[in-house]
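K.L.:
Structure file coords14.tsv, TSV, C-alpha atoms and all ligand atoms, is pasted below:
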```
chain	number	residue	atom	x	y	z
A	29	MET	CA	0.00	0.00	0.00
A	30	HIS	CA	1.24	3.49	-0.80
A	31	PRO	CA	1.72	5.62	2.34
A	32	LEU	CA	-0.72	8.21	1.04
A	33	ASP	CA	-3.56	5.90	0.01
A	34	ASP	CA	-5.56	6.89	3.09
A	35	TRP	CA	-5.41	10.53	2.04
A	36	ARG	CA	-6.75	10.11	-1.47
A	37	ILE	CA	-10.08	11.77	-2.14
A	38	THR	CA	-11.82	9.10	-4.14
A	39	THR	CA	-15.13	10.75	-4.97
A	40	GLU	CA	-15.31	14.25	-6.36
A	41	PRO	CA	-16.43	16.69	-3.67
A	42	PHE	CA	-19.20	19.07	-4.71
A	43	TYR	CA	-17.76	22.55	-5.06
A	44	ALA	CA	-19.52	25.51	-6.67
A	45	GLN	CA	-16.99	27.96	-8.00
A	46	GLN	CA	-17.46	31.59	-6.88
A	47	ALA	CA	-15.22	33.24	-9.44
A	48	ASN	CA	-12.08	31.97	-11.16
A	49	GLU	CA	-10.46	30.47	-8.07
A	50	VAL	CA	-10.14	27.02	-9.64
A	51	THR	CA	-8.06	28.37	-12.54
A	52	LEU	CA	-5.98	30.48	-10.19
A	53	PHE	CA	-5.29	27.56	-7.89
A	54	GLU	CA	-4.37	25.33	-10.82
A	55	ALA	CA	-1.83	27.90	-11.97
A	56	ALA	CA	-0.41	28.19	-8.47
A	57	TYR	CA	-0.16	24.42	-8.22
A	58	ALA	CA	1.50	24.16	-11.64
A	59	ALA	CA	4.13	26.61	-10.38
A	60	ARG	CA	4.16	24.78	-7.01
A	61	LEU	CA	3.49	28.04	-5.21
A	62	PRO	CA	2.30	27.80	-1.63
A	63	VAL	CA	-1.28	29.09	-1.37
A	64	MET	CA	-3.12	30.78	1.47
A	65	VAL	CA	-6.93	30.69	1.40
A	66	LYS	CA	-8.44	33.49	3.44
A	67	GLY	CA	-12.02	34.05	4.44
A	68	PRO	CA	-14.62	33.88	7.19
A	69	THR	CA	-15.57	30.61	8.85
A	70	GLY	CA	-17.85	28.27	6.90
A	71	CYS	CA	-17.55	29.94	3.51
A	72	GLY	CA	-16.13	26.96	1.59
A	73	LYS	CA	-12.35	27.14	2.05
A	74	SER	CA	-11.85	23.54	3.14
A	75	ARG	CA	-14.32	22.27	0.56
A	76	PHE	CA	-12.39	24.15	-2.13
A	77	VAL	CA	-9.07	22.62	-1.08
A	78	GLU	CA	-10.61	19.13	-1.06
A	79	TYR	CA	-12.05	19.74	-4.50
A	80	MET	CA	-8.73	20.99	-5.86
A	81	ALA	CA	-6.81	18.03	-4.42
A	82	HIS	CA	-9.25	15.71	-6.13
A	83	LYS	CA	-9.12	17.64	-9.39
A	84	LEU	CA	-5.32	17.66	-9.39
A	85	GLY	CA	-5.22	13.98	-8.45
A	86	ARG	CA	-3.16	14.64	-5.33
A	87	PRO	CA	-3.69	13.11	-1.90
A	88	LEU	CA	-4.61	15.69	0.74
A	89	VAL	CA	-3.00	15.66	4.17
A	90	THR	CA	-4.99	18.00	6.42
A	91	VAL	CA	-3.66	19.21	9.75
A	92	ALA	CA	-5.96	21.14	12.10
A	93	CYS	CA	-3.60	23.56	13.80
A	94	ASN	CA	-3.90	24.52	17.46
A	95	GLU	CA	-1.76	26.40	19.91
A	96	ASP	CA	-0.50	23.28	21.65
A	97	MET	CA	0.87	21.94	18.41
A	98	THR	CA	4.64	21.61	18.34
A	99	ALA	CA	7.04	21.37	15.45
A	100	ALA	CA	7.38	17.66	16.27
A	101	ASP	CA	3.65	17.20	15.70
A	102	LEU	CA	4.22	18.40	12.16
A	103	VAL	CA	7.60	16.90	11.26
A	104	GLY	CA	7.71	13.76	13.37
A	105	ARG	CA	9.41	12.26	16.40
A	106	PHE	CA	11.22	9.23	17.74
A	107	LEU	CA	8.88	6.76	19.39
A	108	LEU	CA	10.05	4.56	22.24
A	109	GLU	CA	9.43	0.91	21.56
A	110	PRO	CA	10.44	-2.28	23.41
A	111	THR	CA	13.11	-2.92	20.79
A	112	GLY	CA	14.50	0.61	20.79
A	113	THR	CA	13.44	3.86	19.19
A	114	ARG	CA	11.72	4.29	15.87
A	115	TRP	CA	11.29	7.49	13.89
A	116	GLN	CA	7.77	8.34	12.84
A	117	ASP	CA	7.21	10.98	10.17
A	118	GLY	CA	4.69	13.67	11.06
A	119	PRO	CA	1.98	14.68	8.58
A	120	LEU	CA	4.02	17.46	6.99
A	121	THR	CA	6.94	15.11	6.38
A	122	VAL	CA	4.68	12.41	4.96
A	123	ALA	CA	3.16	14.94	2.56
A	124	ALA	CA	6.54	16.35	1.52
A	125	ARG	CA	8.15	12.95	0.99
A	126	HIS	CA	5.34	11.45	-1.03
A	127	GLY	CA	3.94	14.39	-2.95
A	128	ALA	CA	0.66	15.25	-1.28
A	129	ILE	CA	-0.99	18.61	-0.83
A	130	CYS	CA	-0.50	19.51	2.84
A	131	TYR	CA	-3.33	21.67	4.15
A	132	LEU	CA	-2.66	23.45	7.42
A	133	ASP	CA	-6.12	24.49	8.55
A	134	GLU	CA	-6.41	27.52	10.90
A	135	VAL	CA	-2.70	28.09	10.72
A	136	VAL	CA	-2.72	31.19	12.94
A	137	GLU	CA	-3.74	28.99	15.85
A	138	ALA	CA	-0.27	27.44	15.80
A	139	ARG	CA	2.50	29.25	17.63
A	140	GLN	CA	4.84	31.20	15.41
A	141	ASP	CA	7.83	29.04	16.38
A	142	THR	CA	5.87	26.03	15.13
A	143	THR	CA	4.87	27.71	11.90
A	144	VAL	CA	8.46	28.50	10.93
A	145	VAL	CA	9.17	24.81	10.29
A	146	ILE	CA	7.31	25.23	7.01
A	147	HIS	CA	9.62	28.02	5.83
A	148	PRO	CA	12.25	25.92	4.03
A	149	LEU	CA	9.43	24.02	2.29
A	150	THR	CA	7.80	27.20	1.05
A	151	ASP	CA	10.70	28.83	-0.73
A	152	HIS	CA	13.12	27.77	-3.46
A	153	ARG	CA	14.71	25.20	-1.14
A	154	ARG	CA	11.66	22.94	-0.97
A	155	THR	CA	13.35	20.98	1.78
A	156	LEU	CA	12.45	19.95	5.30
A	157	PRO	CA	15.27	19.42	7.77
A	158	LEU	CA	14.53	16.74	10.35
A	159	ASP	CA	17.02	18.01	12.91
A	160	LYS	CA	16.47	15.30	15.49
A	161	LYS	CA	16.89	12.58	12.92
A	162	GLY	CA	19.71	14.25	11.01
A	163	GLU	CA	17.92	14.04	7.67
A	164	LEU	CA	17.16	16.62	5.03
A	165	VAL	CA	13.97	15.69	3.21
A	166	ARG	CA	13.72	17.05	-0.32
A	167	ALA	CA	10.09	17.67	-1.16
A	168	HIS	CA	8.56	15.44	-3.81
A	169	ALA	CA	7.95	17.27	-7.09
A	170	ASP	CA	4.17	17.09	-6.57
A	171	PHE	CA	4.18	18.45	-3.03
A	172	GLN	CA	2.34	21.69	-2.29
A	173	ILE	CA	1.49	23.49	0.90
A	174	VAL	CA	-1.83	25.25	1.46
A	175	ILE	CA	-2.86	27.16	4.58
A	176	SER	CA	-6.17	28.65	5.60
A	177	TYR	CA	-6.73	31.74	7.59
A	178	ASN	CA	-9.73	33.63	8.97
A	179	PRO	CA	-8.78	37.30	8.72
A	180	GLY	CA	-10.06	39.49	11.50
A	181	TYR	CA	-10.31	36.84	14.20
A	182	GLN	CA	-6.73	37.03	15.37
A	183	SER	CA	-5.19	39.22	18.01
A	184	LEU	CA	-1.77	40.76	17.73
A	185	MET	CA	-0.40	37.73	19.51
A	186	LYS	CA	-2.00	35.42	17.03
A	187	ASP	CA	-1.06	36.39	13.56
A	188	LEU	CA	1.28	35.15	10.91
A	189	LYS	CA	4.82	36.46	10.90
A	190	THR	CA	5.51	38.67	7.89
A	191	SER	CA	8.14	36.21	6.78
A	192	THR	CA	5.54	33.43	6.81
A	193	ARG	CA	2.83	35.49	5.14
A	194	GLN	CA	5.12	36.53	2.31
A	195	ARG	CA	5.82	32.96	1.32
A	196	PHE	CA	2.29	32.46	-0.01
A	197	ALA	CA	0.08	33.52	-2.86
A	198	ALA	CA	-3.37	34.23	-1.45
A	199	LEU	CA	-6.97	33.69	-2.53
A	200	ASP	CA	-9.72	35.67	-0.85
A	201	PHE	CA	-12.93	33.83	-0.07
A	202	ASP	CA	-16.25	35.19	1.07
A	203	TYR	CA	-19.80	33.91	1.36
A	204	PRO	CA	-21.10	33.06	-2.11
A	205	ALA	CA	-23.42	35.46	-3.93
A	206	ALA	CA	-27.07	34.96	-2.93
A	207	GLU	CA	-28.21	32.94	-5.92
A	208	LEU	CA	-25.19	30.66	-5.84
A	209	GLU	CA	-25.43	30.20	-2.09
A	210	ALA	CA	-29.06	29.08	-2.41
A	211	GLN	CA	-28.01	26.59	-5.08
A	212	ILE	CA	-25.26	25.28	-2.80
A	213	VAL	CA	-27.68	24.78	0.10
A	214	THR	CA	-30.10	22.98	-2.17
A	215	ARG	CA	-27.41	20.81	-3.70
A	216	GLU	CA	-26.04	19.91	-0.25
A	217	THR	CA	-29.37	19.11	1.38
A	218	GLY	CA	-32.14	18.66	-1.20
A	219	LEU	CA	-34.12	21.57	0.26
A	220	PRO	CA	-36.37	23.20	-2.39
A	221	LEU	CA	-34.57	26.15	-3.98
A	222	ALA	CA	-37.16	28.74	-2.90
A	223	MET	CA	-36.69	27.74	0.74
A	224	SER	CA	-32.88	27.83	0.39
A	225	ALA	CA	-33.19	31.31	-1.09
A	226	ALA	CA	-35.26	32.37	1.93
A	227	LEU	CA	-32.56	31.07	4.31
A	228	VAL	CA	-29.97	33.00	2.33
A	229	GLU	CA	-32.09	36.12	2.71
A	230	VAL	CA	-32.01	35.77	6.49
A	231	ALA	CA	-28.26	35.28	6.36
A	232	ALA	CA	-27.85	38.38	4.22
A	233	ALA	CA	-29.70	40.46	6.82
A	234	ALA	CA	-27.46	39.09	9.57
A	235	ARG	CA	-24.30	39.70	7.56
A	236	ARG	CA	-25.24	43.35	7.25
A	237	LEU	CA	-25.12	43.52	11.06
A	238	LYS	CA	-21.53	42.40	11.21
A	239	GLY	CA	-19.57	45.06	13.00
A	240	HIS	CA	-22.83	46.53	14.38
A	241	GLY	CA	-23.21	44.18	17.31
A	242	LEU	CA	-22.50	40.92	15.52
A	243	GLU	CA	-18.97	39.61	15.50
A	244	GLU	CA	-19.48	37.35	12.52
A	245	GLY	CA	-22.08	36.71	9.87
A	246	ILE	CA	-24.09	33.52	9.46
A	247	SER	CA	-21.90	31.11	7.50
A	248	THR	CA	-22.88	28.96	4.55
A	249	ARG	CA	-22.21	26.02	6.85
A	250	LEU	CA	-24.98	27.18	9.21
A	251	LEU	CA	-27.39	27.58	6.30
A	252	VAL	CA	-26.67	23.98	5.42
A	253	TYR	CA	-27.39	23.01	9.05
A	254	ALA	CA	-30.73	24.84	9.00
A	255	ALA	CA	-31.65	23.12	5.75
A	256	GLN	CA	-30.76	19.75	7.26
A	257	LEU	CA	-33.02	20.42	10.25
A	258	ILE	CA	-35.87	21.38	7.92
A	259	GLY	CA	-35.18	18.12	6.09
A	260	GLN	CA	-35.72	16.34	9.40
A	261	GLY	CA	-39.18	17.87	9.65
A	262	ILE	CA	-38.42	20.89	11.84
A	263	ALA	CA	-40.44	24.01	10.97
A	264	PRO	CA	-38.30	26.45	8.96
A	265	ARG	CA	-38.49	29.28	11.49
A	266	GLU	CA	-37.47	27.03	14.33
A	267	ALA	CA	-34.70	25.46	12.28
A	268	ALA	CA	-33.36	28.91	11.39
A	269	ARG	CA	-33.39	30.03	15.01
A	270	MET	CA	-31.59	26.91	16.13
A	271	ALA	CA	-28.98	26.72	13.38
A	272	MET	CA	-28.52	30.32	12.30
A	273	VAL	CA	-29.22	32.60	15.26
A	274	ARG	CA	-28.55	30.82	18.57
A	275	PRO	CA	-25.01	29.74	17.61
A	276	ILE	CA	-23.78	33.15	16.57
A	277	THR	CA	-24.95	35.47	19.34
A	278	ASP	CA	-25.93	35.47	23.02
A	279	ASP	CA	-27.05	39.08	22.89
A	280	ALA	CA	-30.81	39.28	23.56
A	281	ASP	CA	-31.41	42.35	21.37
A	282	MET	CA	-29.50	40.89	18.49
A	283	ARG	CA	-31.43	37.62	18.78
A	284	ASP	CA	-34.69	39.57	18.72
A	285	THR	CA	-33.64	41.45	15.60
A	286	LEU	CA	-32.70	38.26	13.81
A	287	ASP	CA	-35.80	36.41	15.01
A	288	HIS	CA	-37.92	39.20	13.52
A	289	THR	CA	-36.16	38.81	10.20
A	290	ILE	CA	-36.85	35.09	10.33
A	291	GLU	CA	-40.53	35.71	10.95
A	292	ALA	CA	-40.68	38.16	8.08
A	293	VAL	CA	-38.93	35.89	5.61
A	294	LEU	CA	-39.71	32.28	6.50
A	295	PRO	CA	-43.02	30.42	6.67
B	1	LIG	N1	-18.60	26.96	-2.89
B	1	LIG	C1	-19.13	25.93	-2.20
B	1	LIG	N2	-19.42	24.78	-2.82
B	1	LIG	C2	-19.96	23.76	-2.14
B	1	LIG	N3	-20.25	23.79	-0.82
B	1	LIG	C3	-19.98	24.91	-0.15
B	1	LIG	C4	-19.41	26.03	-0.80
B	1	LIG	N4	-19.25	26.99	0.11
B	1	LIG	C5	-19.72	26.53	1.27
B	1	LIG	N5	-20.16	25.26	1.13
B	1	LIG	C6	-20.81	24.49	2.18
B	1	LIG	O1	-20.44	25.09	3.41
B	1	LIG	C7	-19.85	24.13	4.29
B	1	LIG	C8	-18.71	24.78	5.02
B	1	LIG	O2	-17.64	24.97	4.15
B	1	LIG	P1	-16.13	24.70	4.59
B	1	LIG	O3	-16.06	23.61	5.58
B	1	LIG	O4	-15.33	24.55	3.36
B	1	LIG	O5	-15.82	26.09	5.32
B	1	LIG	P2	-14.44	26.75	5.72
B	1	LIG	O6	-14.35	28.00	4.94
B	1	LIG	O7	-13.35	25.76	5.59
B	1	LIG	O8	-14.70	27.12	7.25
B	1	LIG	P3	-13.71	27.13	8.52
B	1	LIG	O9	-12.87	28.36	8.38
B	1	LIG	O10	-14.64	27.20	9.68
B	1	LIG	O11	-12.92	25.86	8.47
B	1	LIG	C9	-19.46	22.98	3.42
B	1	LIG	O12	-19.55	21.77	4.14
B	1	LIG	C10	-20.47	23.02	2.29
B	1	LIG	O13	-21.66	22.37	2.71
B	2	MG	MG	-12.22	24.70	7.07
```
Let me see whether you can do it: turn the structure in this file into C-alpha cells.

P.N.:
Amino acid sequence: MHPLDDWRITTEPFYAQQANEVTLFEAAYAARLPVMVKGPTGCGKSRFVEYMAHKLGRPLVTVACNEDMTAADLVGRFLLEPTGTRWQDGPLTVAARHGAICYLDEVVEARQDTTVVIHPLTDHRRTLPLDKKGELVRAHADFQIVISYNPGYQSLMKDLKTSTRQRFAALDFDYPAAELEAQIVTRETGLPLAMSAALVEVAAAARRLKGHGLEEGISTRLLVYAAQLIGQGIAPREAARMAMVRPITDDADMRDTLDHTIEAVLP
C-alpha cells in the first residue's frame, strides 16, 4: 500500500466555484506556489481545497492547527518501543516525501515558532530538515502546501509572521453570492430552492449587522445546518433560530432582531 492511500479523495467533492479560483489555484499548483486561502468561517475554504486536491489527483494531508501543536507534531518524532526507538514521520513530512498537498487548517492557531518549520518548504529550497533525525527531506515534485486563515479573528499575539505570510500567494474567499449560495444549500441538502433562497435572505440580513453588534455573519455552513433540520421535519423558522441565530450570538437584542427577520422571511 502506498503511504498516502488513506489521504486520497476518491469521490469528487461538490464545489460551486465563486469566481475563477479554480483556474488560479491550478496555476499556483502548476508553479508549485504555496497558497493561502483566506475568508470567514464556513464559507467553503476547506471544501475548495478538497475539491482541488481531487481535481489535481493529489492526496490531501490536512492538519488542524492549534496552539499546543509543536514542530514535532508536524515533522515527526522518535517513538520509544520495546526494541529501541523508531522514527515516525509527522503529517508534513509524509506529505513532503510522497507528494501530497499539505493543508494546514487555521494556521494562525499554531504558535509562530511552530509555523516556521514550514519556511524551508515554502521557498526555493523545498526541503524539510529533520534536525532530530539528522535528515534533510527534499520535497517530492508534486508536493504543495496550502494554509487557511480567517482574517479578522486574530489578536496581535496570534497572527502570521511577515516572513511566513510573504511565502504564499493568497486567494480571498467570502460567502457566495445569494443565488449561488441558495443553489449550494439545495445541492447539499435537497431543500427546495425557494426555501434555500429564503434562508440566504435571512443570512444576508445578519451579515449586514456584522460590526454593528454581531462579531461574525451567518456562514454557509450554518445555512446547510438549517436546511438539514428542515429536512428532518423541523419548521423552517425554528430550524433557522436553532442553526442560524442561537449559535452566533448570546445578545438578547440581536437575537430579537434576527428572530424578527426570520418571521418576516420564513413560513
Ligand atoms: N462553494 C461551495 N461549494 C460547495 N459547498 C460549499 C461552498 N461553500 C460553502 N459550502 C458548504 O459550506 C460548508 C462549510 O464549508 P467549509 O467547511 O469549506 O468552510 P471553511 O471556509 O473551511 O470554514 P472554517 O474556516 O470554519 O474551516 C461545506 O460543508 C459546504 O456544505
Ligand atoms: Mg475549514

K.L.:
Produce as a list of chain:residue names the set of residues near ligand LIG 1 (chain B), where near means within 6 Å with only C-alpha atoms and all ligand atoms considered.

P.N.:
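With only C-alpha atoms and all ligand atoms and a cut-off of 6 Å, ligand LIG 1 (chain B) is contacted by A:Phe42, A:Tyr43, A:Ala44, A:Gln45, A:Pro68, A:Thr69, A:Gly70, A:Cys71, A:Gly72, A:Lys73, A:Ser74, A:Arg75, A:Ile212, A:Glu216, A:Thr248, A:Arg249, A:Val252.
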
K.L.:
How many Å lie between atom CA of Gly162 of chain A and atom CA of Thr150 of chain A, rounded to one decimal?

P.N.:
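Between atom CA of Gly162 of chain A and atom CA of Thr150 of chain A the gap is 20.2 Å.
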
K.L.:
Compare A:Met282, A:Ala81, A:Leu188, A:Ala92 by their minimum atom-to-atom distance to ligand MG 2 (chain B), counting all atoms listed in the file, and give me the closest one.

P.N.:
A:Ala92

K.L.:
Can you list, as a PyMOL selection string, every protein, DNA or RNA residue that comes within 10 Å of Arg86 of chain A when you count only C-alpha atoms, leaving out same-chain residues fewer than 5 positions away?

P.N.:
chain A and resi 32+35-37+78+80-81+127-130+170-172

K.L.:
Please, could you write that set of residues out with C-alpha atoms as a PDB file, in the coordinates of the input?

P.N.:
```pdb
ATOM      1  CA  LEU A  32      -0.720   8.210   1.040  1.00  0.00           C
ATOM      2  CA  TRP A  35      -5.410  10.530   2.040  1.00  0.00           C
ATOM      3  CA  ARG A  36      -6.750  10.110  -1.470  1.00  0.00           C
ATOM      4  CA  ILE A  37     -10.080  11.770  -2.140  1.00  0.00           C
ATOM      5  CA  GLU A  78     -10.610  19.130  -1.060  1.00  0.00           C
ATOM      6  CA  MET A  80      -8.730  20.990  -5.860  1.00  0.00           C
ATOM      7  CA  ALA A  81      -6.810  18.030  -4.420  1.00  0.00           C
ATOM      8  CA  GLY A 127       3.940  14.390  -2.950  1.00  0.00           C
ATOM      9  CA  ALA A 128       0.660  15.250  -1.280  1.00  0.00           C
ATOM     10  CA  ILE A 129      -0.990  18.610  -0.830  1.00  0.00           C
ATOM     11  CA  CYS A 130      -0.500  19.510   2.840  1.00  0.00           C
ATOM     12  CA  ASP A 170       4.170  17.090  -6.570  1.00  0.00           C
ATOM     13  CA  PHE A 171       4.180  18.450  -3.030  1.00  0.00           C
ATOM     14  CA  GLN A 172       2.340  21.690  -2.290  1.00  0.00           C
TER      15      GLN A 172
END
```

K.L.:
Taking all atoms listed in the file into account, name the residue in A:Pro87, A:Pro295, A:Pro179, A:Gly67 that is nearest to ligand MG 2 (chain B).

P.N.:
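That would be A:Gly67, the residue with the smallest distance to ligand MG 2 (chain B).
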
K.L.:
Find the spatial neighbours of Pro275 of chain A, counting all atoms listed in the file, within a cut-off of 12 Å - ignore same-chain residues fewer than 3 positions away - and output them as number ranges by chain.

P.N.:
A: 242-247, 249-251, 253-254, 267-272, 278-279, 283

K.L.:
May I ask for the distance between atom CA of Arg236 of chain A and atom CA of Gln211 of chain A, given in Å to one decimal place?

P.N.:
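So the two atoms, atom CA of Arg236 of chain A and atom CA of Gln211 of chain A, lie 21.0 Å apart.
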
K.L.:
Choose the residue, out of A:Tyr131, A:Asn48, A:Ala138, A:Val165, that has the smallest atom-to-atom separation from Arg153 of chain A; count only C-alpha atoms.

P.N.:
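Comparing A:Tyr131, A:Asn48, A:Ala138, A:Val165 against Arg153 of chain A, the winner is A:Val165.
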
K.L.:
Around the point (-16.0, 34.9, -8.5), in the coordinates given by the file, pick out the residues reaching within 12 Å, counting all atoms listed in the file, and return them as a list in words.

P.N.:
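Answer for this query, in the requested form: Ala44, Gln45, Gln46, Ala47, Asn48, Glu49, Val50, Thr51, Leu52, Leu199, Asp200, Phe201, Asp202, Tyr203, Pro204, Ala205 and Leu208 of chain A.
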
K.L.:
Write the residues you've just listed into a file as a PDB file, in the frame of the given file, and include C-alpha atoms for each of them.

P.N.:
```pdb
ATOM      1  CA  ALA A  44     -19.520  25.510  -6.670  1.00  0.00           C
ATOM      2  CA  GLN A  45     -16.990  27.960  -8.000  1.00  0.00           C
ATOM      3  CA  GLN A  46     -17.460  31.590  -6.880  1.00  0.00           C
ATOM      4  CA  ALA A  47     -15.220  33.240  -9.440  1.00  0.00           C
ATOM      5  CA  ASN A  48     -12.080  31.970 -11.160  1.00  0.00           C
ATOM      6  CA  GLU A  49     -10.460  30.470  -8.070  1.00  0.00           C
ATOM      7  CA  VAL A  50     -10.140  27.020  -9.640  1.00  0.00           C
ATOM      8  CA  THR A  51      -8.060  28.370 -12.540  1.00  0.00           C
ATOM      9  CA  LEU A  52      -5.980  30.480 -10.190  1.00  0.00           C
ATOM     10  CA  LEU A 199      -6.970  33.690  -2.530  1.00  0.00           C
ATOM     11  CA  ASP A 200      -9.720  35.670  -0.850  1.00  0.00           C
ATOM     12  CA  PHE A 201     -12.930  33.830  -0.070  1.00  0.00           C
ATOM     13  CA  ASP A 202     -16.250  35.190   1.070  1.00  0.00           C
ATOM     14  CA  TYR A 203     -19.800  33.910   1.360  1.00  0.00           C
ATOM     15  CA  PRO A 204     -21.100  33.060  -2.110  1.00  0.00           C
ATOM     16  CA  ALA A 205     -23.420  35.460  -3.930  1.00  0.00           C
ATOM     17  CA  LEU A 208     -25.190  30.660  -5.840  1.00  0.00           C
TER      18      LEU A 208
END
```

K.L.:
From the set A:Asp33, A:Glu109, A:Asp133, A:Glu209, which residue has the shortest atom-to-atom contact distance to Gly85 of chain A, counting only C-alpha atoms?

P.N.:
A:Asp33

K.L.:
What's the separation between atom CA of Ser224 of chain A and atom CA of Ile276 of chain A, in Å to one decimal place?

P.N.:
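These two atoms are separated by 19.3 Å.
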